[in-house]
Amino acid sequence: GMAMTEKQGGSDLRANATRAEPEGEMWRLTGHKWFCSAPMSDGFLTLAQTGGGLTCFLVPRWLEDGRNAIRLMRLKDKLGNRANASAEIEYHGALAHRLGPEGRGVRTIIEMVHHTRLDTAVAPAGLMRAALVEVLAWVEGRRAFQRRLIDQPLMRAVLADLVLEWESALALAMRAAEAFDGTSEDDRAFARIAVALAKFLNNKRCPVAIVEAMECLGGMGYVEETPMPMLYREAPLNGIWEGSGNVICLDILRTLSQVPRAGAALAAELDAAKGADRRYDAALAAHRGRWPGLPEEAEARWFAESLAGLLAASVLIRAGNAAVADGYVATRLAPGGRGHVPGAVGGLDTGALIARIR
Ligand SMILES: Cc1cc2nc3c(=O)[nH]c(=O)nc-3n(C[C@H](O)[C@H](O)[C@H](O)COP(=O)(O)OP(=O)(O)OC[C@H]3O[C@@H](n4cnc5c(N)ncnc54)[C@H](O)[C@@H]3O)c2cc1C
């Protein structure tokens with residue numbers, strides 16, 4: 001498990017108040033952690049203050065002579081995500097191993113956070129896909145007004161639009177994962193920015209898509225006998241933990257200002273799709289014209305949304321499925337290509353898009 005978040009803040013980890021005192025080769029930790037998921041884990045990566053600053057520790061749950069001094073105070077009563085227990089815990093002189101140098105706690109623990117952040121970027125694509133599979137089964141079987149739902153033009157528009165949300169989320173997440181697995185400096189730099197962009201955009205889109213998918217089942221979508229309520233409750237979480245939306249957007253600005261290689265790799269990735277679709281080229285030029293440098297902090301969400309949308313388009317164009325790439329660019333990048341609510345689209349190749357769910 002990971003125990004970073006304290007009552008006074010999960011985003012601002014440097015405000016952590018848990019203390020660590022040296023004891024021989026080991027350390028003793030005293031303090032509380034406001035969120036600690038999977039509290040049955042055998043070890044917890046945690047942060048605590050030493051004389052040298054915020055430092056990363058590994059706290060084993062069991063010692064040779066019994067349980068370590070970690071108290072489970074209570075379990076959180078959460079909206080969803082119930083299969084994963086999340087606890088409030090306290091360290092009462094818990095024995096711990098130091099990991100990494102003193103004062104470099106965030107930098108040390110961030111190596112694990114990079115992995116879990118990737119999970120949170122990929123998971124919304126899975127949630128959307130799970131919802132779409134339910135929807136497809138429903139609309140193929142259900143009839144209204146003498147026709148199956150899947151044959152109703154307006155339902156097809158909604159489904160096609162939802163497919164574009166899912167396909168783009170998946171493309172963005174898989175491209176980030178590919179770079180994450182790469183070994184070059186460029187891969188690492190690109191992965192850092194791509195994971196953040198995917199985490200932000202995919203999680204902003206996922207809850208909206210799940211609500212719409214729920215509505216496709218009509219009243220049954222609101223009933224616990226279908227998986228839709230569970231998907232609905234799960235949908236917001238990946239946007240909150242491992243860096244909430246604003247924090248991720250500020251991290252994107254920080255990466256672009258501090259890691260020139262990340263900005264260069266991202267620019268190359270966006271340029272790689274140029275020349276295939278004039279609407280994409282125009283949207284990329286408009287983005288660069290709007291923000292020749294980094295935006296003001298207050299515009300970080302707008303900037304991140306635009307950049308992530310372009311990156312998703314770049315991946316889809318190069319992936320080569322014409323219905324998906326064309327539909328995405330037409331409705332997400334071209335001016336006036338779409339209304340603001342799901343399904344407010346026209347001119348999509350609904351047959352090809354709906355077939356992607358199968
Ligand atoms: C189900 C669940 C399980 C969890 N499990 C764990 C776990 O195992 N280990 C762990 O350590 N934590 C865990 N967390 C905690 C989670 O990581 C934090 O809740 C999250 O990082 C946000 O921290 P916070 O709740 O303190 O909110 P805050 O840090 O108070 O943030 C509140 C809001 O302010 C925004 N914000 C923060 N800074 C800025 C800024 N500079 N500018 C603009 N907006 C800003 C944030 O984006 C957020 O929207 C879990 C949370 C949940 C819901």
# chains A, B, ... in the order shown; residues from 1 in each chain; ligands from 1

call {"tool": "residues_near_ligand", "arguments": {"ligand": "ligand 1", "cutoff": "6 Å", "atoms": "only C-alpha atoms and all ligand atoms", "output": "list in words"}}
result
Met2, Ala3, Met4, Thr5, Gly9, Gly10, Ser11, Asp12, Phe35, Cys36, Ser37, Ser86, Ile240, Trp241, Glu242, Gly243, Ser244, Gly245, Asn246 and Val247 of chain A

call {"tool": "residues_around", "arguments": {"residues": "Leu164 in chain A", "least_positions_apart": "3", "cutoff": "10 Å", "atoms": "only C-alpha atoms", "output": "NGL selection string"}}
result
:A and (159-161 or 167-170 or 323-325 or 327-329 or 331-332 or 353-354 or 356)

call {"tool": "write_last_selection", "arguments": {"atoms": "N, CA and C atoms", "output": "mmCIF file, in the first residue's frame"}}
result
data_model
loop_
_atom_site.group_PDB
_atom_site.id
_atom_site.type_symbol
_atom_site.label_atom_id
_atom_site.label_comp_id
_atom_site.auth_asym_id
_atom_site.auth_seq_id
_atom_site.Cartn_x
_atom_site.Cartn_y
_atom_site.Cartn_z
ATOM 1 N N LEU A 159 -24.585 6.056 -29.497
ATOM 2 C CA LEU A 159 -23.610 4.962 -29.374
ATOM 3 C C LEU A 159 -22.292 5.321 -30.081
ATOM 4 N N ALA A 160 -22.401 5.864 -31.288
ATOM 5 C CA ALA A 160 -21.188 6.196 -32.048
ATOM 6 C C ALA A 160 -20.360 7.246 -31.305
ATOM 7 N N ASP A 161 -21.048 8.208 -30.715
ATOM 8 C CA ASP A 161 -20.339 9.248 -29.968
ATOM 9 C C ASP A 161 -19.639 8.647 -28.740
ATOM 10 N N GLU A 167 -12.772 4.974 -27.576
ATOM 11 C CA GLU A 167 -11.628 4.702 -28.471
ATOM 12 C C GLU A 167 -10.508 5.723 -28.244
ATOM 13 N N SER A 168 -10.889 6.978 -28.083
ATOM 14 C CA SER A 168 -9.849 8.002 -27.908
ATOM 15 C C SER A 168 -9.177 7.848 -26.553
ATOM 16 N N ALA A 169 -9.957 7.494 -25.527
ATOM 17 C CA ALA A 169 -9.363 7.277 -24.198
ATOM 18 C C ALA A 169 -8.376 6.109 -24.249
ATOM 19 N N LEU A 170 -8.783 5.054 -24.951
ATOM 20 C CA LEU A 170 -7.923 3.872 -25.046
ATOM 21 C C LEU A 170 -6.643 4.195 -25.825
ATOM 22 N N ALA A 323 -12.859 5.362 -39.803
ATOM 23 C CA ALA A 323 -14.119 5.801 -39.179
ATOM 24 C C ALA A 323 -13.852 6.456 -37.831
ATOM 25 N N VAL A 324 -12.951 5.858 -37.074
ATOM 26 C CA VAL A 324 -12.662 6.386 -35.732
ATOM 27 C C VAL A 324 -11.895 7.707 -35.845
ATOM 28 N N ALA A 325 -10.821 7.718 -36.624
ATOM 29 C CA ALA A 325 -9.996 8.930 -36.728
ATOM 30 C C ALA A 325 -10.800 10.077 -37.325
ATOM 31 N N GLY A 327 -14.080 10.408 -37.474
ATOM 32 C CA GLY A 327 -15.162 10.798 -36.563
ATOM 33 C C GLY A 327 -14.634 11.634 -35.406
ATOM 34 N N TYR A 328 -13.485 11.235 -34.878
ATOM 35 C CA TYR A 328 -12.926 11.972 -33.742
ATOM 36 C C TYR A 328 -12.532 13.388 -34.148
ATOM 37 N N VAL A 329 -11.821 13.495 -35.252
ATOM 38 C CA VAL A 329 -11.366 14.821 -35.701
ATOM 39 C C VAL A 329 -12.572 15.693 -36.055
ATOM 40 N N THR A 331 -15.638 15.605 -34.952
ATOM 41 C CA THR A 331 -16.519 16.005 -33.846
ATOM 42 C C THR A 331 -15.781 16.644 -32.679
ATOM 43 N N ARG A 332 -14.490 16.383 -32.531
ATOM 44 C CA ARG A 332 -13.764 16.923 -31.360
ATOM 45 C C ARG A 332 -12.823 18.060 -31.715
ATOM 46 N N LEU A 353 -18.504 2.480 -36.376
ATOM 47 C CA LEU A 353 -18.146 2.811 -34.993
ATOM 48 C C LEU A 353 -18.782 1.833 -34.011
ATOM 49 N N ILE A 354 -20.061 1.528 -34.204
ATOM 50 C CA ILE A 354 -20.733 0.612 -33.267
ATOM 51 C C ILE A 354 -20.111 -0.782 -33.360
ATOM 52 N N ARG A 356 -17.159 -1.480 -33.490
ATOM 53 C CA ARG A 356 -15.941 -1.517 -32.665
ATOM 54 C C ARG A 356 -16.205 -2.092 -31.274
#

call {"tool": "residues_around", "arguments": {"residues": "range 103-107 of chain A", "least_positions_apart": "3", "cutoff": "12 Å", "atoms": "only C-alpha atoms", "output": "count of residues only"}}
result
30

call {"tool": "closest_residue", "arguments": {"among": "A:Trp138, A:Phe180, A:Phe44, A:Phe190", "to": "Leu266 in chain A", "atoms": "only C-alpha atoms"}}
result
A:Phe190

call {"tool": "closest_atom_pairs", "arguments": {"of": "range 38-95 of chain A", "to": "range 209-233 of chain A", "cutoff": "8 Å", "atoms": "only C-alpha atoms", "output": "JSON lines"}}
result
{"residue": "A:Leu79", "atom": "CA", "partner": "A:Arg233", "partner_atom": "CA", "distance": 6.1}
{"residue": "A:Gly80", "atom": "CA", "partner": "A:Arg233", "partner_atom": "CA", "distance": 4.9}
{"residue": "A:Asn81", "atom": "CA", "partner": "A:Arg233", "partner_atom": "CA", "distance": 7.4}

call {"tool": "write_last_selection", "arguments": {"atoms": "all heavy atoms", "output": "short mmCIF file (atom, residue, chain, number, x, y, z; two decimals), in the first residue's frame"}}
result
data_model
loop_
_atom_site.label_atom_id
_atom_site.label_comp_id
_atom_site.auth_asym_id
_atom_site.auth_seq_id
_atom_site.Cartn_x
_atom_site.Cartn_y
_atom_site.Cartn_z
N LEU A 79 -18.21 6.31 -1.66
CA LEU A 79 -19.26 6.27 -2.68
C LEU A 79 -19.25 4.94 -3.43
O LEU A 79 -20.29 4.35 -3.70
CB LEU A 79 -19.03 7.43 -3.67
CG LEU A 79 -19.87 7.44 -4.95
CD1 LEU A 79 -21.35 7.68 -4.64
CD2 LEU A 79 -19.37 8.51 -5.92
N GLY A 80 -18.07 4.49 -3.82
CA GLY A 80 -17.94 3.24 -4.56
C GLY A 80 -16.60 2.61 -4.23
O GLY A 80 -16.11 2.77 -3.12
N ASN A 81 -16.01 1.89 -5.21
CA ASN A 81 -14.69 1.31 -5.01
C ASN A 81 -14.66 0.47 -3.73
O ASN A 81 -13.71 0.48 -2.96
CB ASN A 81 -13.65 2.45 -4.94
CG ASN A 81 -12.22 1.94 -5.04
OD1 ASN A 81 -11.45 2.07 -4.09
ND2 ASN A 81 -11.86 1.38 -6.15
#

call {"tool": "residues_around", "arguments": {"residues": "Leu132 in chain A", "least_positions_apart": "4", "cutoff": "7 Å", "atoms": "only C-alpha atoms", "output": "PyMOL selection string"}}
result
chain A and resi 128+136+213+357

call {"tool": "atom_distance", "arguments": {"atom1": "CA of Leu75 in chain A", "atom2": "CA of His115 in chain A"}}
result
24.7 Å

call {"tool": "decode", "arguments": {"residues": "range 336-349 of chain A", "atoms": "N, CA, C and O atoms", "output": "compact mmCIF listing (two decimals), in the first residue's frame"}}
result
# COMPACT_ATOMS: atom_id res chain seq x y z
N GLY A 336 -17.35 23.69 -34.49
CA GLY A 336 -18.77 23.45 -34.71
C GLY A 336 -19.10 22.02 -35.07
O GLY A 336 -20.19 21.73 -35.56
N GLY A 337 -18.20 21.09 -34.82
CA GLY A 337 -18.40 19.70 -35.23
C GLY A 337 -19.30 18.91 -34.31
O GLY A 337 -19.67 17.77 -34.63
N ARG A 338 -19.66 19.51 -33.19
CA ARG A 338 -20.40 18.73 -32.19
C ARG A 338 -21.04 19.71 -31.20
O ARG A 338 -20.49 20.79 -30.93
N GLY A 339 -22.19 19.30 -30.64
CA GLY A 339 -22.76 20.07 -29.54
C GLY A 339 -22.03 19.75 -28.25
O GLY A 339 -20.95 19.14 -28.27
N HIS A 340 -22.62 20.13 -27.12
CA HIS A 340 -21.91 19.92 -25.86
C HIS A 340 -22.32 18.65 -25.12
O HIS A 340 -21.62 18.22 -24.21
N VAL A 341 -23.44 18.04 -25.49
CA VAL A 341 -23.88 16.86 -24.74
C VAL A 341 -23.58 15.59 -25.55
O VAL A 341 -23.47 15.66 -26.78
N PRO A 342 -23.45 14.45 -24.88
CA PRO A 342 -23.17 13.21 -25.62
C PRO A 342 -24.25 12.95 -26.66
O PRO A 342 -25.43 13.16 -26.40
N GLY A 343 -23.83 12.51 -27.82
CA GLY A 343 -24.78 12.18 -28.87
C GLY A 343 -25.19 13.37 -29.73
O GLY A 343 -25.91 13.19 -30.72
N ALA A 344 -24.73 14.57 -29.38
CA ALA A 344 -25.07 15.75 -30.18
C ALA A 344 -24.08 15.84 -31.34
O ALA A 344 -23.19 16.68 -31.38
N VAL A 345 -24.23 14.88 -32.27
CA VAL A 345 -23.30 14.74 -33.38
C VAL A 345 -24.09 14.45 -34.66
O VAL A 345 -25.28 14.13 -34.60
N GLY A 346 -23.42 14.56 -35.78
CA GLY A 346 -24.04 14.18 -37.04
C GLY A 346 -22.97 13.68 -37.99
O GLY A 346 -21.77 13.92 -37.78
N GLY A 347 -23.39 12.95 -39.01
CA GLY A 347 -22.47 12.57 -40.07
C GLY A 347 -21.45 11.51 -39.73
O GLY A 347 -20.49 11.31 -40.49
N LEU A 348 -21.61 10.81 -38.59
CA LEU A 348 -20.63 9.78 -38.25
C LEU A 348 -20.95 8.47 -38.98
O LEU A 348 -22.12 8.21 -39.32
N ASP A 349 -19.93 7.67 -39.19
CA ASP A 349 -20.13 6.33 -39.76
C ASP A 349 -20.55 5.42 -38.61
O ASP A 349 -19.73 4.69 -38.03
